[in-house]
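Dumped model.cif below, it's mmCIF, C-alpha atoms and all ligand atoms:
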data_coords
loop_
_atom_site.label_atom_id
_atom_site.label_comp_id
_atom_site.auth_asym_id
_atom_site.auth_seq_id
_atom_site.Cartn_x
_atom_site.Cartn_y
_atom_site.Cartn_z
CA MET S 169 0.00 0.00 0.00
CA LEU S 170 1.25 3.47 -0.68
CA PHE S 171 0.81 6.63 1.26
CA LYS S 172 1.63 9.99 -0.22
CA PHE S 173 3.67 10.92 2.79
CA LEU S 174 5.88 7.83 2.83
CA LYS S 175 9.50 7.97 1.86
CA SER S 176 10.42 5.52 -0.87
CA SER S 177 12.23 3.41 1.72
CA ASP S 178 8.98 2.94 3.59
CA VAL S 179 7.09 2.00 0.50
CA LYS S 180 9.64 -0.70 -0.01
CA THR S 181 9.14 -2.06 3.46
CA CYS S 182 5.42 -2.01 3.09
CA GLU S 183 4.80 -3.50 -0.25
CA ILE S 184 7.89 -4.79 -1.96
CA THR S 185 9.90 -6.45 0.76
CA PRO S 186 7.16 -8.77 1.95
CA GLU S 187 6.67 -10.31 -1.48
CA LYS S 188 10.35 -11.07 -1.74
CA THR S 189 11.23 -11.97 1.76
CA TYR S 190 8.42 -13.94 3.21
CA MET S 191 9.44 -16.89 1.15
CA ASN S 192 12.59 -16.97 3.20
CA ARG S 193 10.96 -16.73 6.54
CA ARG S 194 10.31 -19.74 8.59
CA ILE S 195 6.88 -18.70 9.73
CA PHE S 196 5.55 -18.91 6.23
CA MET S 197 7.03 -22.33 5.74
CA GLN S 198 5.59 -23.92 8.84
CA ASP S 199 1.93 -23.59 8.31
CA SER S 200 1.16 -26.25 10.83
CA ALA S 201 1.08 -26.18 14.57
CA ARG S 202 0.14 -23.04 16.32
CA ILE S 203 2.96 -21.70 18.29
CA GLY S 204 2.11 -19.40 21.10
CA ALA S 205 4.75 -16.93 19.98
CA GLY S 206 3.94 -13.29 20.03
CA ALA S 207 1.85 -14.19 23.01
CA ALA S 208 3.98 -12.23 25.40
CA SER S 209 2.86 -9.10 23.67
CA LEU S 210 -0.81 -9.89 23.71
CA ALA S 211 -2.73 -7.80 26.09
CA ALA S 212 -5.94 -9.22 27.35
CA PHE S 213 -9.47 -8.16 26.77
CA GLY S 214 -11.38 -9.22 29.77
CA GLY S 215 -14.26 -8.85 32.09
CA GLY S 216 -17.66 -10.39 31.61
CA LEU S 217 -16.94 -12.17 28.37
CA ILE S 218 -14.34 -14.50 29.64
CA GLY S 219 -14.11 -13.77 33.30
CA ALA S 220 -10.38 -14.10 33.93
CA SER S 221 -7.69 -11.64 34.86
CA PRO S 222 -7.06 -9.07 32.14
CA ALA S 223 -3.38 -9.06 32.96
CA MET S 224 -2.58 -12.47 31.53
CA ALA S 225 0.24 -12.45 29.05
CA ALA S 226 -1.33 -14.50 26.29
CA GLY S 227 -4.55 -14.30 24.32
CA ARG S 228 -7.26 -15.76 26.51
CA LYS S 229 -9.65 -18.49 25.65
CA LEU S 230 -13.12 -17.28 24.74
CA GLU S 231 -15.99 -19.32 26.05
CA ASN S 232 -19.41 -20.30 24.69
CA ILE S 233 -18.52 -19.91 21.05
CA THR S 234 -21.15 -21.19 18.63
CA ARG S 235 -20.15 -22.69 15.29
CA SER S 236 -22.77 -23.01 12.59
CA GLY S 237 -20.19 -23.72 9.92
CA ARG S 238 -22.54 -22.12 7.43
CA TYR S 239 -20.12 -19.54 6.11
CA ASP S 240 -16.88 -21.38 6.86
CA THR S 241 -14.28 -22.24 4.28
CA ASP S 242 -12.71 -25.66 4.73
CA GLU S 243 -9.44 -24.45 3.24
CA ARG S 244 -6.35 -24.90 5.32
CA GLN S 245 -6.08 -22.34 8.09
CA THR S 246 -3.09 -20.03 8.14
CA SER S 247 -0.83 -20.67 11.11
CA TYR S 248 -1.50 -18.65 14.26
CA LYS S 249 2.07 -17.52 14.12
CA ALA S 250 1.72 -16.03 10.64
CA VAL S 251 -1.68 -14.47 11.41
CA THR S 252 -0.24 -12.72 14.46
CA SER S 253 3.21 -11.72 13.26
CA TYR S 254 2.69 -10.49 9.69
CA ASN S 255 0.35 -7.56 10.09
CA ASN S 256 -0.72 -4.19 8.80
CA PHE S 257 -1.46 -1.77 11.63
CA TYR S 258 0.14 1.54 10.78
CA GLU S 259 -0.54 2.96 14.24
CA PHE S 260 2.42 0.79 15.28
CA GLY S 261 4.60 1.34 12.22
CA THR S 262 4.52 0.57 8.52
CA GLY S 263 6.60 -2.62 8.65
CA LYS S 264 4.80 -5.96 8.70
CA GLU S 265 6.54 -6.94 11.93
CA ASP S 266 6.05 -3.62 13.73
CA PRO S 267 2.56 -4.40 15.07
CA ALA S 268 3.64 -7.62 16.80
CA ARG S 269 6.65 -5.79 18.20
CA TYR S 270 4.96 -2.65 19.50
CA ALA S 271 1.26 -3.36 19.99
CA HIS S 272 1.74 -4.56 23.55
CA ARG S 273 1.77 -0.85 24.42
CA LEU S 274 -1.92 -0.65 23.75
CA ASN S 275 -4.10 -0.99 26.82
CA VAL S 276 -7.32 -2.65 25.70
CA ARG S 277 -9.04 -2.78 29.03
CA PRO S 278 -11.23 -0.97 29.90
CA TRP S 279 -12.39 -0.07 26.38
CA THR S 280 -15.11 2.40 25.52
CA VAL S 281 -16.84 2.69 22.17
CA LYS S 282 -18.72 5.86 21.31
CA VAL S 283 -21.92 5.29 19.32
CA ASP S 284 -23.37 8.39 17.69
CA GLY S 285 -25.22 9.80 14.70
CA HIS S 286 -28.63 8.71 13.48
CA VAL S 287 -29.33 6.05 16.08
CA ASP S 288 -31.89 5.53 18.84
CA HIS S 289 -29.35 4.44 21.45
CA PRO S 290 -26.27 6.65 21.21
CA GLY S 291 -23.79 6.65 24.06
CA ASP S 292 -20.41 5.67 25.37
CA TYR S 293 -20.50 1.91 25.76
CA ASP S 294 -18.16 -0.31 27.64
CA LEU S 295 -17.08 -2.97 25.16
CA ASP S 296 -18.57 -5.75 27.25
CA ASP S 297 -21.96 -4.08 27.13
CA LEU S 298 -21.81 -3.95 23.36
CA ILE S 299 -20.77 -7.58 22.93
CA ARG S 300 -22.13 -9.55 25.89
CA PRO S 301 -25.80 -9.64 24.87
CA HIS S 302 -24.89 -11.52 21.70
CA ALA S 303 -23.67 -15.04 21.09
CA LEU S 304 -20.05 -15.29 20.02
CA GLU S 305 -19.57 -17.17 16.77
CA GLU S 306 -16.57 -18.65 15.07
CA ARG S 307 -16.26 -17.99 11.35
CA ILE S 308 -13.45 -19.35 9.23
CA TYR S 309 -12.97 -16.80 6.48
CA ARG S 310 -10.67 -16.32 3.54
CA MET S 311 -9.06 -12.90 3.90
CA ARG S 312 -7.54 -11.10 0.89
CA CYS S 313 -5.20 -8.16 1.34
CA VAL S 314 -5.00 -5.47 -1.35
CA GLU S 315 -1.28 -6.26 -1.48
CA ALA S 316 -2.20 -9.59 -3.11
CA TRP S 317 -1.55 -11.96 -0.25
CA SER S 318 -4.22 -13.92 1.53
CA MET S 319 -4.85 -15.94 4.66
CA VAL S 320 -7.54 -18.20 6.14
CA ILE S 321 -8.46 -17.08 9.66
CA PRO S 322 -10.84 -18.55 12.26
CA TRP S 323 -12.34 -15.35 13.67
CA VAL S 324 -14.52 -15.12 16.75
CA GLY S 325 -17.07 -12.35 16.94
CA ILE S 326 -20.66 -11.31 16.55
CA PRO S 327 -22.48 -10.41 13.36
CA LEU S 328 -22.37 -6.64 13.04
CA SER S 329 -26.06 -6.82 12.15
CA ASP S 330 -26.86 -8.06 15.69
CA MET S 331 -25.15 -5.04 17.21
CA ILE S 332 -26.78 -2.64 14.77
CA LYS S 333 -30.26 -3.98 15.45
CA ARG S 334 -29.79 -3.41 19.14
CA LEU S 335 -28.46 0.11 18.67
CA SER S 336 -31.42 0.79 16.36
CA PRO S 337 -30.35 3.29 13.70
CA THR S 338 -32.97 5.64 12.29
CA SER S 339 -34.04 5.71 8.64
CA LYS S 340 -31.56 8.54 8.04
CA ALA S 341 -28.62 6.17 8.63
CA LYS S 342 -27.42 5.11 5.19
CA TYR S 343 -23.80 4.35 6.07
CA ILE S 344 -21.81 3.35 9.10
CA ARG S 345 -18.44 4.87 9.92
CA PHE S 346 -15.77 3.41 12.19
CA GLU S 347 -12.83 5.09 13.84
CA THR S 348 -9.68 3.74 15.53
CA LEU S 349 -8.18 5.10 18.74
CA VAL S 350 -5.78 8.04 18.54
CA ASP S 351 -3.12 8.01 21.23
CA LYS S 352 0.49 8.67 20.32
CA LYS S 353 1.75 7.30 23.60
CA GLN S 354 0.20 3.91 23.08
CA MET S 355 0.43 3.94 19.30
CA PRO S 356 3.90 5.20 18.42
CA GLY S 357 3.27 4.99 14.68
CA GLN S 358 0.89 7.91 15.06
CA LYS S 359 3.84 10.21 15.69
CA ARG S 360 4.25 10.20 11.92
CA ARG S 361 1.48 11.51 9.75
CA VAL S 362 1.45 8.57 7.37
CA ILE S 363 -2.31 8.78 7.78
CA ASP S 364 -4.42 11.70 8.82
CA TRP S 365 -5.32 9.94 12.07
CA PRO S 366 -7.67 8.54 13.15
CA TYR S 367 -7.81 5.58 10.79
CA ALA S 368 -11.39 5.61 9.53
CA GLU S 369 -13.46 3.19 7.47
CA GLY S 370 -17.05 2.83 6.40
CA LEU S 371 -19.68 0.53 4.95
CA ARG S 372 -23.00 1.04 3.26
CA MET S 373 -25.77 0.02 5.63
CA ASP S 374 -26.74 -3.08 3.63
CA GLU S 375 -23.10 -4.19 3.64
CA ALA S 376 -22.95 -3.68 7.38
CA MET S 377 -26.14 -5.73 7.80
CA ASN S 378 -24.92 -8.57 5.57
CA PRO S 379 -24.68 -11.78 7.62
CA LEU S 380 -21.01 -12.20 6.68
CA THR S 381 -19.92 -8.94 8.31
CA LEU S 382 -18.40 -9.56 11.72
CA MET S 383 -17.30 -7.51 14.67
CA ALA S 384 -14.41 -9.66 15.80
CA VAL S 385 -13.12 -9.93 19.36
CA GLY S 386 -10.97 -13.00 18.85
CA LEU S 387 -9.22 -15.46 16.59
CA TYR S 388 -8.26 -19.09 17.02
CA GLY S 389 -10.69 -19.26 19.96
CA GLU S 390 -8.84 -16.61 21.94
CA THR S 391 -9.10 -12.89 22.48
CA LEU S 392 -7.64 -10.83 19.65
CA PRO S 393 -3.95 -10.17 19.90
CA ASN S 394 -3.34 -6.43 19.95
CA GLN S 395 -1.59 -6.53 16.59
CA ASN S 396 -4.74 -7.97 15.03
CA GLY S 397 -6.91 -5.12 16.27
CA ALA S 398 -7.82 -5.83 19.90
CA PRO S 399 -10.20 -5.51 21.45
CA LEU S 400 -12.69 -4.95 18.61
CA ARG S 401 -12.22 -4.95 14.85
CA LEU S 402 -14.25 -5.21 11.70
CA VAL S 403 -14.03 -8.27 9.41
CA VAL S 404 -15.52 -8.04 5.91
CA PRO S 405 -14.29 -11.10 4.02
CA TRP S 406 -15.39 -10.14 0.49
CA LYS S 407 -13.47 -6.85 0.66
CA TYR S 408 -9.78 -6.08 0.70
CA GLY S 409 -8.23 -6.25 4.15
CA PHE S 410 -7.89 -2.49 4.61
CA LYS S 411 -11.64 -2.25 5.20
CA GLY S 412 -11.09 -4.31 8.37
CA ILE S 413 -10.48 -1.42 10.73
CA LYS S 414 -8.84 -2.33 14.04
CA SER S 415 -9.15 -1.20 17.66
CA ILE S 416 -12.43 0.60 17.07
CA VAL S 417 -13.44 3.38 19.48
CA ARG S 418 -16.26 5.03 17.56
CA ILE S 419 -19.19 3.83 15.49
CA SER S 420 -21.25 6.52 13.76
CA PHE S 421 -24.48 6.13 11.82
CA VAL S 422 -24.35 8.70 9.05
CA SER S 423 -26.45 9.77 6.09
CA ARG S 424 -23.60 10.43 3.62
CA LYS S 425 -20.85 8.17 2.39
CA PRO S 426 -18.04 8.71 4.90
CA ASN S 427 -14.51 9.62 3.88
CA THR S 428 -12.10 6.80 4.57
CA SER S 429 -8.39 7.01 5.36
CA TRP S 430 -7.25 5.25 2.22
CA GLN S 431 -9.48 7.22 -0.09
CA GLY S 432 -8.18 10.40 1.49
CA LEU S 433 -4.65 9.38 0.62
CA ALA S 434 -5.04 7.77 -2.79
CA ALA S 435 -8.65 7.62 -3.96
CA HIS S 436 -7.67 6.32 -7.41
CA GLU S 437 -5.99 3.31 -5.79
CA TYR S 438 -8.28 2.47 -2.89
CA GLY S 439 -11.98 2.87 -3.49
CA PHE S 440 -14.73 3.05 -0.94
CA TYR S 441 -16.17 -0.32 -1.90
CA ALA S 442 -12.86 -2.21 -2.06
CA ASN S 443 -14.61 -5.39 -3.14
CA VAL S 444 -12.16 -8.13 -4.04
CA ASN S 445 -12.31 -8.14 -7.85
CA PRO S 446 -9.79 -9.97 -10.03
CA ALA S 447 -10.98 -7.98 -13.04
CA VAL S 448 -10.03 -4.60 -11.60
CA ASP S 449 -6.30 -4.24 -11.15
CA HIS S 450 -4.71 -1.93 -8.68
CA PRO S 451 -3.04 0.80 -10.77
CA ARG S 452 0.37 -0.62 -9.86
CA TRP S 453 -0.20 -4.39 -9.74
CA THR S 454 -2.56 -7.14 -10.76
CA GLN S 455 -5.38 -8.30 -8.53
CA ALA S 456 -6.03 -11.38 -10.66
CA ASN S 457 -4.05 -13.67 -8.40
CA GLU S 458 -2.67 -13.84 -4.91
CA ARG S 459 -0.14 -15.58 -2.72
CA ARG S 460 -1.74 -17.54 0.12
CA ILE S 461 0.62 -17.17 3.06
CA GLY S 462 2.23 -20.57 3.59
CA GLU S 463 2.04 -21.56 -0.08
CA PHE S 464 4.41 -21.07 -2.99
CA ARG S 465 2.17 -21.22 -6.03
CA ARG S 466 -0.04 -18.24 -6.65
CA ARG S 467 -3.79 -18.81 -6.69
CA ASP S 468 -6.38 -17.16 -8.86
CA THR S 469 -8.26 -14.51 -6.94
CA LEU S 470 -12.00 -15.12 -6.79
CA MET S 471 -14.65 -12.48 -7.43
CA PHE S 472 -15.83 -11.13 -4.07
CA ASN S 473 -13.12 -13.37 -2.62
CA GLY S 474 -15.40 -16.35 -3.24
CA TYR S 475 -18.39 -14.92 -1.34
CA GLY S 476 -20.45 -13.94 -4.39
CA ASP S 477 -23.47 -16.03 -3.40
CA GLU S 478 -23.81 -14.02 -0.22
CA VAL S 479 -22.94 -10.55 -1.46
CA ALA S 480 -23.20 -10.12 -5.25
CA HIS S 481 -26.86 -9.06 -5.05
CA MET S 482 -25.85 -5.91 -3.16
CA TYR S 483 -23.98 -4.64 -6.22
CA ALA S 484 -26.38 -5.72 -8.96
CA GLY S 485 -26.41 -3.13 -11.75
CA MET S 486 -23.40 -1.24 -10.39
CA ASN S 487 -20.37 -0.66 -12.58
CA LEU S 488 -17.72 -2.26 -10.39
CA LYS S 489 -14.92 -0.78 -12.48
CA LYS S 490 -16.15 2.66 -11.52
CA TYR S 491 -17.19 1.77 -7.99
CA TYR S 492 -14.06 -0.19 -7.09
N1 LIG Z 1 -6.79 -0.73 11.01
C1 LIG Z 1 -6.09 0.27 11.54
N2 LIG Z 1 -6.60 0.98 12.55
N3 LIG Z 1 -4.86 0.62 11.06
C2 LIG Z 1 -4.30 -0.04 10.00
O1 LIG Z 1 -3.18 0.31 9.59
N4 LIG Z 1 -4.55 -1.81 8.34
C3 LIG Z 1 -5.56 -2.48 7.50
C4 LIG Z 1 -6.56 -3.26 8.33
N5 LIG Z 1 -6.99 -2.49 9.47
C5 LIG Z 1 -5.02 -1.12 9.42
C6 LIG Z 1 -6.28 -1.45 9.99
C7 LIG Z 1 -4.94 -3.34 6.51
S1 LIG Z 1 -4.14 -2.57 5.24
C8 LIG Z 1 -5.06 -4.70 6.55
S2 LIG Z 1 -4.52 -5.68 5.27
C9 LIG Z 1 -5.63 -5.38 7.71
O2 LIG Z 1 -5.96 -4.47 8.76
C10 LIG Z 1 -4.63 -6.38 8.24
O3 LIG Z 1 -5.18 -7.13 9.28
P1 LIG Z 1 -4.26 -8.22 10.00
O4 LIG Z 1 -2.98 -7.56 10.37
O5 LIG Z 1 -5.03 -8.69 11.18
O6 LIG Z 1 -4.04 -9.33 8.99
#
If you took the structure in this file and wrote it as structure tokens, what would it be?
Ligand code: MTE
Amino acid sequence: MLFKFLKSSDVKTCEITPEKTYMNRRIFMQDSARIGAGAASLAAFGGGLIGASPAMAAGRKLENITRSGRYDTDERQTSYKAVTSYNNFYEFGTGKEDPARYAHRLNVRPWTVKVDGHVDHPGDYDLDDLIRPHALEERIYRMRCVEAWSMVIPWVGIPLSDMIKRLSPTSKAKYIRFETLVDKKQMPGQKRRVIDWPYAEGLRMDEAMNPLTLMAVGLYGETLPNQNGAPLRLVVPWKYGFKGIKSIVRISFVSRKPNTSWQGLAAHEYGFYANVNPAVDHPRWTQANERRIGEFRRRDTLMFNGYGDEVAHMYAGMNLKKYY
């Protein structure tokens, strides 16, 4: 990914180095057992959901997870180690390894989420109060990054639609906007203006209500590691990974299409919709295929990342080359 404000050396770190170097790295070779590495840096997300001490060093087991299997892929899951050590989270730096290295500085407990805009129940919610009324589900999703690599991740979360129904938006709410925490002390990457912080993302209301859209609090049956967006992140598996905003502190119901961080920086490269589409190349590279982390041979990228049955109807009649 490219930001206007990055030096060329950073661009290299962000988008060229990974392609060339991950082949050499052991984590991408051993796609097998989960190794609890990175765990020392995982802060806990605690309280009512899991009922143990928030100060534990590792991700903590989430209880009472339901598994319908309805939307799960049976493709091989990416190793926990790769999922938690090869990340994009610019609040902690632009290198893929920066989040795992620095995200332990983020204190995810207590965590308050502001809900505002066109909604019947606005307010400052403790995270537990937002999540606890709903059943946690596991969903094994294919995830496709705009940088043309992909992973398979067993997320744990609640359908965003469940949360939205409870918050009860008014008829004026056409879009939903999300915002990440801003705190330079905890998020050292914010000392540089690579993004006009806060990181912000948005969805059309029907996309937000789609049953595939998750608010994730965990992965691999445990609380989210900080580098993956603890304690609350968005997961939208038919869109490029940058839509999956991490460490959310604000959810706004708005009437107009919200500006997003990536559009603000390079609108011609990163559209609002960001639907995975092998027929629409990024201006600087192909989107027709991808490298699944842990594999050598490139795979063909699937339209809507393979979730067309669930989502294609939302874009019927739209020119997806224009609305990319
Ligand atoms: N959210 C915030 N707040 N900041 C970020 O830099 N990066 C995005 C997205 N969410 C990002 C973010 C990008 S570019 C990707 S590909 C995914 O997070 C990566 O998620 P992962 O590290 O859990 O694989």
What are the centre and edge lengths in Å, to one decimal, of the axis-aligned box around all listed atoms of ligand LIG 1 (chain Z) with 4 Å added on each side, as lines of an AutoDock Vina configuration file?
center_x = -5.0
center_y = -4.2
center_z = 8.9
size_x = 12.0
size_y = 18.3
size_z = 15.3
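Proximity of S:His481, S:Lys407, S:Arg300, S:His436 to ligand LIG 1 (chain Z), computed with only C-alpha atoms and all ligand atoms, is greatest for S:Lys407.
Closest to ligand LIG 1 (chain Z) among S:Ile308, S:Val479, S:Ala250, S:Ile299 is S:Ala250, based on only C-alpha atoms and all ligand atoms.
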**OP:** Check every protein, DNA and RNA residue against ligand LIG 1 (chain Z), keep those with an atom at most 7 Å away (counting only C-alpha atoms and all ligand atoms), and present them as a ChimeraX atom specification.
**Re:** /S:251,254-259,313-314,348,367,395-397,408-415
Restricting it to C-alpha atoms, dump the selection as an mmCIF file, in the coordinates of the input.
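And here is the file that came out, out.cif:
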data_model
loop_
_atom_site.group_PDB
_atom_site.id
_atom_site.type_symbol
_atom_site.label_atom_id
_atom_site.label_comp_id
_atom_site.auth_asym_id
_atom_site.auth_seq_id
_atom_site.Cartn_x
_atom_site.Cartn_y
_atom_site.Cartn_z
ATOM 1 C CA VAL S 251 -1.680 -14.470 11.410
ATOM 2 C CA TYR S 254 2.690 -10.490 9.690
ATOM 3 C CA ASN S 255 0.350 -7.560 10.090
ATOM 4 C CA ASN S 256 -0.720 -4.190 8.800
ATOM 5 C CA PHE S 257 -1.460 -1.770 11.630
ATOM 6 C CA TYR S 258 0.140 1.540 10.780
ATOM 7 C CA GLU S 259 -0.540 2.960 14.240
ATOM 8 C CA CYS S 313 -5.200 -8.160 1.340
ATOM 9 C CA VAL S 314 -5.000 -5.470 -1.350
ATOM 10 C CA THR S 348 -9.680 3.740 15.530
ATOM 11 C CA TYR S 367 -7.810 5.580 10.790
ATOM 12 C CA GLN S 395 -1.590 -6.530 16.590
ATOM 13 C CA ASN S 396 -4.740 -7.970 15.030
ATOM 14 C CA GLY S 397 -6.910 -5.120 16.270
ATOM 15 C CA TYR S 408 -9.780 -6.080 0.700
ATOM 16 C CA GLY S 409 -8.230 -6.250 4.150
ATOM 17 C CA PHE S 410 -7.890 -2.490 4.610
ATOM 18 C CA LYS S 411 -11.640 -2.250 5.200
ATOM 19 C CA GLY S 412 -11.090 -4.310 8.370
ATOM 20 C CA ILE S 413 -10.480 -1.420 10.730
ATOM 21 C CA LYS S 414 -8.840 -2.330 14.040
ATOM 22 C CA SER S 415 -9.150 -1.200 17.660
#
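Each of S:Asp477, S:Lys352, S:Asn394, S:His286 was compared to S:Leu380 using all atoms listed in the file, and S:Asp477 turns out to be the nearest.
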Original post:
In Å to one decimal, how far is atom CA of S:Val404 from atom CA of S:Tyr475?
Top reply: 10.4 Å
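Distances here use all atoms listed in the file; by that measure, the residue among S:Pro327, S:Pro446, S:Pro322, S:Gly285 closest to S:Ser423 is S:Gly285.
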Original post:
Within 7 Å of S:Glu306, counting all atoms listed in the file, which residues qualify if same-chain residues fewer than 6 places away don't, as number ranges by chain?
Top reply: S: 233-235, 322-325
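The shell of residues at most 7 Å from S:Asp288, with all atoms listed in the file counted and near chain neighbours (fewer than 4 positions) removed, consists of Leu335, Ser336, Pro337 and Thr338 of chain S.
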Subject >> Counting only C-alpha atoms, the option among S:Arg312, S:Asp242, S:Glu265, S:Tyr441 closest to S:Tyr483 >> reply: S:Tyr441
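Between atom CA of S:Glu375 and atom CA of S:Val403 the separation is 11.5 Å.
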**OP:** Would you mind telling me which residue in S:Trp430, S:Thr391, S:Ser420, S:Ile332 lies nearest to S:Val276 when using all atoms listed in the file?
**Re:** S:Thr391
Do you know which residues are at most 8 Å from stretch 281-283 of chain S counting only C-alpha atoms, after dropping those on the same chain fewer than 4 positions away, and could you put them as a PDB file with C-alpha atoms, in the frame of the given file?
ATOM      1  CA  HIS S 289     -29.350   4.440  21.450  1.00  0.00           C
ATOM      2  CA  PRO S 290     -26.270   6.650  21.210  1.00  0.00           C
ATOM      3  CA  GLY S 291     -23.790   6.650  24.060  1.00  0.00           C
ATOM      4  CA  ASP S 292     -20.410   5.670  25.370  1.00  0.00           C
ATOM      5  CA  TYR S 293     -20.500   1.910  25.760  1.00  0.00           C
ATOM      6  CA  ASP S 294     -18.160  -0.310  27.640  1.00  0.00           C
ATOM      7  CA  LEU S 295     -17.080  -2.970  25.160  1.00  0.00           C
ATOM      8  CA  ILE S 416     -12.430   0.600  17.070  1.00  0.00           C
ATOM      9  CA  VAL S 417     -13.440   3.380  19.480  1.00  0.00           C
ATOM     10  CA  ARG S 418     -16.260   5.030  17.560  1.00  0.00           C
ATOM     11  CA  ILE S 419     -19.190   3.830  15.490  1.00  0.00           C
ATOM     12  CA  SER S 420     -21.250   6.520  13.760  1.00  0.00           C
ATOM     13  CA  PHE S 421     -24.480   6.130  11.820  1.00  0.00           C
TER      14      PHE S 421
END
**OP:** Identify the residues within 12 Å of coordinate (-22.9, -6.5, -4.4) (same frame as the file), considering all atoms listed in the file, and give the answer as a list in words.
**Re:** Arg372, Asp374, Glu375, Asn378, Trp406, Lys407, Tyr441, Ala442, Asn443, Val444, Asn445, Met471, Phe472, Tyr475, Gly476, Asp477, Glu478, Val479, Ala480, His481, Met482, Tyr483, Ala484, Gly485, Met486, Asn487, Leu488, Tyr491 and Tyr492 of chain S
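With atom CA of S:Ala376 on one side and atom CA of S:Val350 on the other, the separation reads 23.6 Å.
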Original post:
Can you list, as a ChimeraX atom specification, every protein, DNA or RNA residue that comes within 12 Å of S:Arg465 when you count all atoms listed in the file, leaving out same-chain residues fewer than 5 positions away?
Top reply: /S:191,317,457-460
Taking C-alpha atoms for each residue, export the selection above as a CSV table (one decimal), keeping the file's coordinate frame.
chain,number,residue,atom,x,y,z
S,191,MET,CA,9.4,-16.9,1.2
S,317,TRP,CA,-1.6,-12.0,-0.2
S,457,ASN,CA,-4.0,-13.7,-8.4
S,458,GLU,CA,-2.7,-13.8,-4.9
S,459,ARG,CA,-0.1,-15.6,-2.7
S,460,ARG,CA,-1.7,-17.5,0.1
